[in-house]
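**Student:** Take this structure first; my questions come after.
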Amino acid sequence: MLACMRTAAVYGIEACTVNVEVDVSFGLPCFTLVGLPDASVRESRDRVKSAIRNSGYDYPPHRITVNLAPADIRKAGSLFDLPIALGVLAASGLVTRRNVDDTMLLGELSLDGGIHSARGVLPIAAAARQQQFRSLLLPRPNRAEAAVVEGLELFAVRSLREAVTALNDPAAFRQSEGEGPPVAPAAAPHPGAGDFADVHGQLLARRALEIAAAGGHNTLMVGPPGAGKTMLARRVSGILPPVTFEEALEVTSIHSVAGLIPAGSGLVSQRPFRAPHHTISDIGLVGGGSIPRPGEISLAHSGGLFLDEMGEFSRHVLEVLRQPMEEGVVRISRAARTAVFPSRFMLIGAMNPCPCGYHGDEMRRCRCTPQQITRYHTRLSGPLRDRMDLSVGMTALPARDLSDAAGGESSAAVRARVVAARECQLSRSGILNARLQGRDLRKRARLSTTACRLLDSALTKFSLTARGHDRLLRVARTIADISGDEAVCAEHLAEALQFRSD
C-alpha cells in the first residue's frame with residue numbers, strides 16, 4: 001500500500017514543500033528512509049515505531065520504504081516524525097485518506113506518542129498559505145505562532161492519536177479559524193531595559209545614542225572602565241520605537257527558525273537586542289553551519305546589536321560584519337542552495353581606549369606602551385570604523401560627583417522624540433536616514449547656505465573622505481529630524497561634527 005503526506009523543509013527563513021511517500025509491502029520487516037535525510041531524520045524510524053505502538057496502533061510487520069521528495073533538498077530536523085508516522089498508518093489503512101494533499105503536517109514525536117513543538121513553524125505556515133494548502137496540522141504549542149498567517153485552518157494536536165482523529169474526522173476536531181492571541185505587536189518598550197533617568201552625567205553619550213536610535217545609525221563609544229558604556233547601551237532598547245507588523249513577521253520568522261519562540265507565543269512584539277560575548281565565532285555572529293542557521297546579527301534584525309569590549313573580539317570576526325552592515329542581509333551559500341537571512345540592525349560598540357583601559361584618564365595611570373595601544377586600535381579596521389556613523393569619547397565620572405549629578409531625561413521622553421523623528425523619515429523617504437545613499441541622500445539632506453559653508457570648511461580642515469562626508473550628512477539629517485526642521489542647518493551640521501570618527 002502507498003500513502004503520501006505533505007510537509008515542509010526549512011532553509012534559511014524560507015520553506016519548501018516535501019512529499020512524504022510511504023510504501024508498506026510484503027517482505028522482511030525493515031524500515032528504509034531515502035530522500036537525502038540527515039542523521040536527525042534517519043533517527044525518526046525508532047521514534048515513529050515506538051510512538052505508533054505506544055499510541056495503541058499495530059506497527060506493520062512488513063517492509064516499509066519512506067521517500068522524502070524532492071530528493072535533491074537535504075532534510076534536517078525532527079518535524080518529519082509526524083508525517084512519516086501518519087503515512088505509515090495511512091498505508092496500513094488506519095488513516096482513511098492515503099493521499100492527504102490539502103493539509104501540511106509537521107511535528108516531533110515522543111516515544112509515548114506525544115507531539116513536541118517544532119522550529120520554523122511560521123515560515124512553514126506562510127509557505128502553506130502561499131501554495132494554497134487548506135489546513136495545517138501542527139503541535140499545539142505552536143498554534144499561536146501559526147495563527148499569525150491568515151487563511152489556514154489549524155489542527156493543533158497533542159498526540160499521534162489526536163492527529164489520526166483530525167485526519168479521519170476533521171469535523172469533530174475542527175478549530176475555529178482566527179483563534180489565538182492578537183497578531184498586532186505591543187507598543188511597550190523592551191522589558192528590563194532600564195531607564196535613561198538612572199544615568200548620571202554622560203550627556204554627550206546620551207545624545208549620541210538618541211541620535212543613533214532616531215536614525216538607525218551605528219555608534220561606537222570609547223571610554224575607560226566604569227564610564228557607563230554598558231549601562232547606556234543596554235538602555236537603548238527602551239528608547240526604540242514600537243515594532244511594526246511587517247518587522248514583527250520577519251523577526252518572528254528568524255527567531256522561529258532559531259528555535260527561540262517560547263511555546264504558546266505568537267508574534268515577537270519587542271525589538272530584539274542582542275549582546276554576544278567577545279569570544280563568539282564568526283559563524284555564531286553571522287550564522288552558518290551545514291544546515292544554515294541565523295547568527296546574532298540576524299537575531300538582532302530590526303533591533304540592536306551590542307558588542308561590549310569590541311577591542312577584545314577577534315579581528316576576523318569583526319570583519320565579517322562589513323558586508324551585512326552595508327547590505328542588510330546575510331547570504332550563506334552551500335552546495336545545494338543559498339540561505340538568505342535579513343540582518344538590518346543598529347550596531348552599538350563599546351571599547352576601552354587601550355588594553356589596560358586608562359589611556360587619557362586623569363584619575364588612573366595608563367601602563368600601555370604606544371605599540372600596544374596602536375595594536376589594540378587596529379583590531380577595528382579602517383573600513384569597519386568607516387561604517388560607524390557616530391563615535392563618542394567618554395570619561396569616567398568621579399565617585400564624589402555621582403551623588404551630586406542629577407539623572408537625565410527618562411527613556412519615555414527620549415523615546416517620544418525618537419518615534420517622531422522616525423515617523424518623519426519614513427514619511428519622507430520610506431527608509432531610515434542611516435540607509436540613505438548617493439543622490440537620495442543629497443536630495444533629502446538639503447543644506448542651508450550657512451551649513452554649506454560649514455561643510456566646505458569641515459571637508460578641508462578634517463580631510464573627510466567621501467564616505468565620511470556622507471556619514472556626516474546622514475547624522476546631521478537625523479539631528480534636524482529630531483529638532484523638527486525641514487532643512488539641515490549649520491547647528492545640526494556642527495553637532496554632527498562632534499561625533500565624527502575620522
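Simple scheme: letters A, B, ... for chains in C-alpha cells order, numbers from 1 for residues in each chain, numbers from 1 for ligands in the order shown.
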I'd like to know which residues of stretch 14-63 of chain A are strand (DSSP E) (by DSSP, run on the backbone); could you write them as a PyMOL selection string?
**Tutor:** chain A and resi 14-25+30-34+63
**Student:** May I have the residues from that selection written out with C-alpha atoms, as a compact mmCIF listing (two decimals), in the first residue's frame?
**Tutor:**
```
# COMPACT_ATOMS: atom_id res chain seq x y z
CA GLU A 14 12.03 30.00 3.64
CA ALA A 15 10.13 26.71 3.47
CA CYS A 16 9.56 24.37 0.53
CA THR A 17 7.03 21.54 0.27
CA VAL A 18 8.22 17.98 0.83
CA ASN A 19 6.19 14.92 -0.15
CA VAL A 20 6.45 12.05 2.34
CA GLU A 21 5.76 8.89 0.32
CA VAL A 22 5.34 5.73 2.38
CA ASP A 23 5.16 2.25 0.85
CA VAL A 24 4.25 -0.76 3.03
CA SER A 25 4.82 -4.02 1.15
CA CYS A 30 12.69 -3.31 7.73
CA PHE A 31 12.46 0.48 7.58
CA THR A 32 14.24 2.27 4.72
CA LEU A 33 14.40 6.07 4.56
CA VAL A 34 15.59 7.80 1.38
CA ARG A 63 8.88 -3.80 4.56
```
**Student:** Let me make sure I understand: among A:His200, A:His217, A:Lys443, A:Arg500, which one has the smallest atom-to-atom distance to A:Val392 if we use only C-alpha atoms?
**Tutor:**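 That would be A:Arg500, the residue with the smallest distance to A:Val392.
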**Student:** Neighbours of A:Glu362 within 12 Å (only C-alpha atoms; same-chain residues fewer than 3 positions away dropped), as a ChimeraX atom specification?
**Tutor:** /A:224,358-359,365-366,395-398
**Student:** As a list in words, please: the residues near A:Gly114 (cut-off 6 Å, only C-alpha atoms, same-chain neighbours under 5 positions excluded).
**Tutor:**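 The residues that qualify are Leu109, Arg158 and Ser159 of chain A.
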**Student:** With only C-alpha atoms as the counted atoms, please give the residues lying no more than 7 Å from stretch 406-415 of chain A, apart from itself and same-chain residues fewer than 6 positions off, as a ChimeraX atom specification.
**Tutor:** /A:195-201,210,238-241
**Student:** Using only C-alpha atoms, can you tell me which of A:Gly349, A:Gly215, A:Gly120, A:Gly226 comes closest to A:Ala480?
**Tutor:** A:Gly215
**Student:** So which residues touch stretch 160-170 of chain A within 10 Å, counting only C-alpha atoms, skipping near sequence neighbours fewer than 4 positions away, as a ChimeraX atom specification?
**Tutor:** /A:48,51-52,54-57,82-83,85-86,89-90,94-97,100,103,105,107,109-110,112-115,137-139,155-156,174-175
**Student:** Using only N, CA and C atoms, please write the residues we just selected to a file, as a compact mmCIF listing (two decimals), in the first residue's frame.
**Tutor:**
```txt
# COMPACT_ATOMS: atom_id res chain seq x y z
N VAL A 48 9.20 6.83 15.44
CA VAL A 48 7.94 6.50 14.80
C VAL A 48 7.43 5.13 15.25
N ALA A 51 6.27 5.35 18.91
CA ALA A 51 5.09 6.20 19.06
C ALA A 51 3.84 5.49 18.55
N ILE A 52 3.95 4.79 17.44
CA ILE A 52 2.79 4.06 16.91
C ILE A 52 2.35 2.98 17.88
N ASN A 54 2.97 2.72 21.17
CA ASN A 54 2.52 3.25 22.45
C ASN A 54 1.24 4.08 22.33
N SER A 55 0.82 4.35 21.10
CA SER A 55 -0.46 5.04 20.89
C SER A 55 -1.61 4.04 20.72
N GLY A 56 -1.30 2.75 20.79
CA GLY A 56 -2.34 1.73 20.70
C GLY A 56 -2.59 1.20 19.31
N TYR A 57 -1.71 1.53 18.34
CA TYR A 57 -1.86 1.02 16.99
C TYR A 57 -0.88 -0.13 16.74
N LEU A 82 6.02 13.25 12.51
CA LEU A 82 4.57 13.10 12.45
C LEU A 82 4.09 12.71 11.05
N PRO A 83 4.50 13.39 9.97
CA PRO A 83 4.03 12.95 8.65
C PRO A 83 4.48 11.54 8.29
N ALA A 85 4.92 9.03 10.47
CA ALA A 85 4.06 8.13 11.25
C ALA A 85 2.66 8.06 10.66
N LEU A 86 2.10 9.19 10.28
CA LEU A 86 0.77 9.19 9.68
C LEU A 86 0.77 8.51 8.32
N LEU A 89 0.62 4.81 9.02
CA LEU A 89 -0.73 4.42 9.43
C LEU A 89 -1.70 4.50 8.24
N ALA A 90 -1.51 5.48 7.35
CA ALA A 90 -2.38 5.57 6.18
C ALA A 90 -2.15 4.40 5.23
N LEU A 94 -5.16 2.61 8.70
CA LEU A 94 -5.66 3.19 9.94
C LEU A 94 -6.02 4.66 9.78
N VAL A 95 -5.42 5.33 8.81
CA VAL A 95 -5.85 6.66 8.38
C VAL A 95 -6.58 6.48 7.07
N THR A 96 -7.81 6.95 7.01
CA THR A 96 -8.68 6.62 5.87
C THR A 96 -8.21 7.24 4.56
N ARG A 97 -7.53 8.38 4.63
CA ARG A 97 -7.07 9.03 3.40
C ARG A 97 -5.61 8.67 3.16
N VAL A 100 -3.10 12.75 1.41
CA VAL A 100 -3.53 13.99 2.08
C VAL A 100 -2.79 15.14 1.42
N THR A 103 -3.50 19.29 3.24
CA THR A 103 -3.08 19.59 4.60
C THR A 103 -1.58 19.38 4.75
N LEU A 105 1.58 18.78 7.28
CA LEU A 105 1.75 18.16 8.58
C LEU A 105 3.17 18.38 9.08
N GLY A 107 5.67 17.95 13.02
CA GLY A 107 5.73 17.73 14.46
C GLY A 107 6.74 16.65 14.83
N LEU A 109 7.75 13.58 17.32
CA LEU A 109 7.09 12.59 18.17
C LEU A 109 7.97 12.22 19.36
N SER A 110 7.32 11.98 20.49
CA SER A 110 8.00 11.37 21.62
C SER A 110 7.69 9.87 21.59
N ASP A 112 6.14 8.03 23.60
CA ASP A 112 4.81 7.65 24.06
C ASP A 112 3.70 8.13 23.15
N GLY A 113 4.06 8.71 22.00
CA GLY A 113 3.06 9.19 21.05
C GLY A 113 2.70 10.64 21.20
N GLY A 114 3.30 11.34 22.17
CA GLY A 114 3.07 12.78 22.30
C GLY A 114 3.78 13.54 21.19
N ILE A 115 3.40 14.81 21.03
CA ILE A 115 3.97 15.63 19.96
C ILE A 115 4.60 16.87 20.57
N LEU A 137 -1.69 20.92 10.09
CA LEU A 137 -1.74 20.10 11.29
C LEU A 137 -0.39 20.21 11.98
N LEU A 138 -0.39 20.70 13.21
CA LEU A 138 0.86 21.06 13.87
C LEU A 138 0.77 20.81 15.37
N PRO A 139 1.89 20.86 16.09
CA PRO A 139 1.86 20.70 17.55
C PRO A 139 1.08 21.84 18.21
N PHE A 155 -5.13 22.63 12.80
CA PHE A 155 -5.43 21.48 13.63
C PHE A 155 -4.25 21.32 14.59
N ALA A 156 -4.40 21.83 15.80
CA ALA A 156 -3.32 21.79 16.79
C ALA A 156 -3.51 20.55 17.66
N ARG A 174 -12.33 20.15 14.41
CA ARG A 174 -12.08 21.44 13.75
C ARG A 174 -11.87 22.58 14.74
N GLN A 175 -10.85 23.36 14.49
CA GLN A 175 -10.57 24.55 15.30
C GLN A 175 -11.25 25.75 14.65
```
**Student:** For the atom pair atom CA of A:Pro276 and atom CA of A:Pro242, what is the interatomic distance in Å to one decimal place?
**Tutor:**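 Distance between the two atoms: 23.1 Å.
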**Student:** Counting only C-alpha atoms, which residues of stretch 199-285 of chain A fall within 8 Å of stretch 313-321 of chain A, and what is the closest atom pair for each with its distance in Å at one decimal, ordered by chain and rising number, as JSON lines?
**Tutor:**
```
{"residue": "A:His278", "atom": "CA", "partner": "A:Phe313", "partner_atom": "CA", "distance": 4.8}
{"residue": "A:Thr279", "atom": "CA", "partner": "A:Phe313", "partner_atom": "CA", "distance": 6.5}
{"residue": "A:Ile280", "atom": "CA", "partner": "A:Phe313", "partner_atom": "CA", "distance": 7.8}
{"residue": "A:Ser281", "atom": "CA", "partner": "A:Val317", "partner_atom": "CA", "distance": 6.4}
{"residue": "A:Asp282", "atom": "CA", "partner": "A:Val317", "partner_atom": "CA", "distance": 4.7}
{"residue": "A:Leu285", "atom": "CA", "partner": "A:Val317", "partner_atom": "CA", "distance": 7.5}
```
**Student:** Grab the atom CA of A:Tyr59 to atom CA of A:Asp81 distance for me, in Å with one decimal place.
**Tutor:**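 Computing the Euclidean distance for atom CA of A:Tyr59 and atom CA of A:Asp81 yields 14.8 Å.
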**Student:** From the options A:Arg206, A:Arg271, A:Arg129, A:Arg422, which residue's atoms come nearest to A:Lys229, counting only C-alpha atoms?
**Tutor:**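 Under the stated criterion, the closest residue is A:Arg206.
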**Student:** Near A:Gly87, within 7 Å and counting only C-alpha atoms, which residues show up once chain neighbours fewer than 6 positions away are dropped, as a count of residues only?
**Tutor:** 4
**Student:** Between atom CA of A:Arg143 and atom CA of A:Ala172, what is the spacing in Å?
**Tutor:** 18.0 Å
**Student:** Using only C-alpha atoms, pick whichever of A:Met221, A:Ala214, A:Ala496, A:Ala9 has the shortest atom-to-atom distance to A:His469.
**Tutor:**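 Smallest separation from A:His469 among the options: A:Ala496.
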**Student:** Out of A:Ala339, A:Leu260, A:Val488, A:Leu347, which residue has the shortest atom-to-atom distance to A:Ile291 when counting only C-alpha atoms?
**Tutor:**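 Between A:Ala339, A:Leu260, A:Val488, A:Leu347, the residue approaching A:Ile291 most closely is A:Ala339.
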**Student:** I'd like to know which of A:Gln132, A:Gln202, A:Ser483, A:Gln323 is closest to A:Arg344, using only C-alpha atoms.
**Tutor:**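 That would be A:Gln323, the residue with the smallest distance to A:Arg344.
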**Student:** Quick check for you: according to DSSP on this backbone, which residues of stretch 342-497 of chain A are classed as alpha helix (DSSP H)? Reply as a PyMOL selection string.
**Tutor:** chain A and resi 370-377+382-386+399-402+411-429+438-444+449-462+466-483+490-497
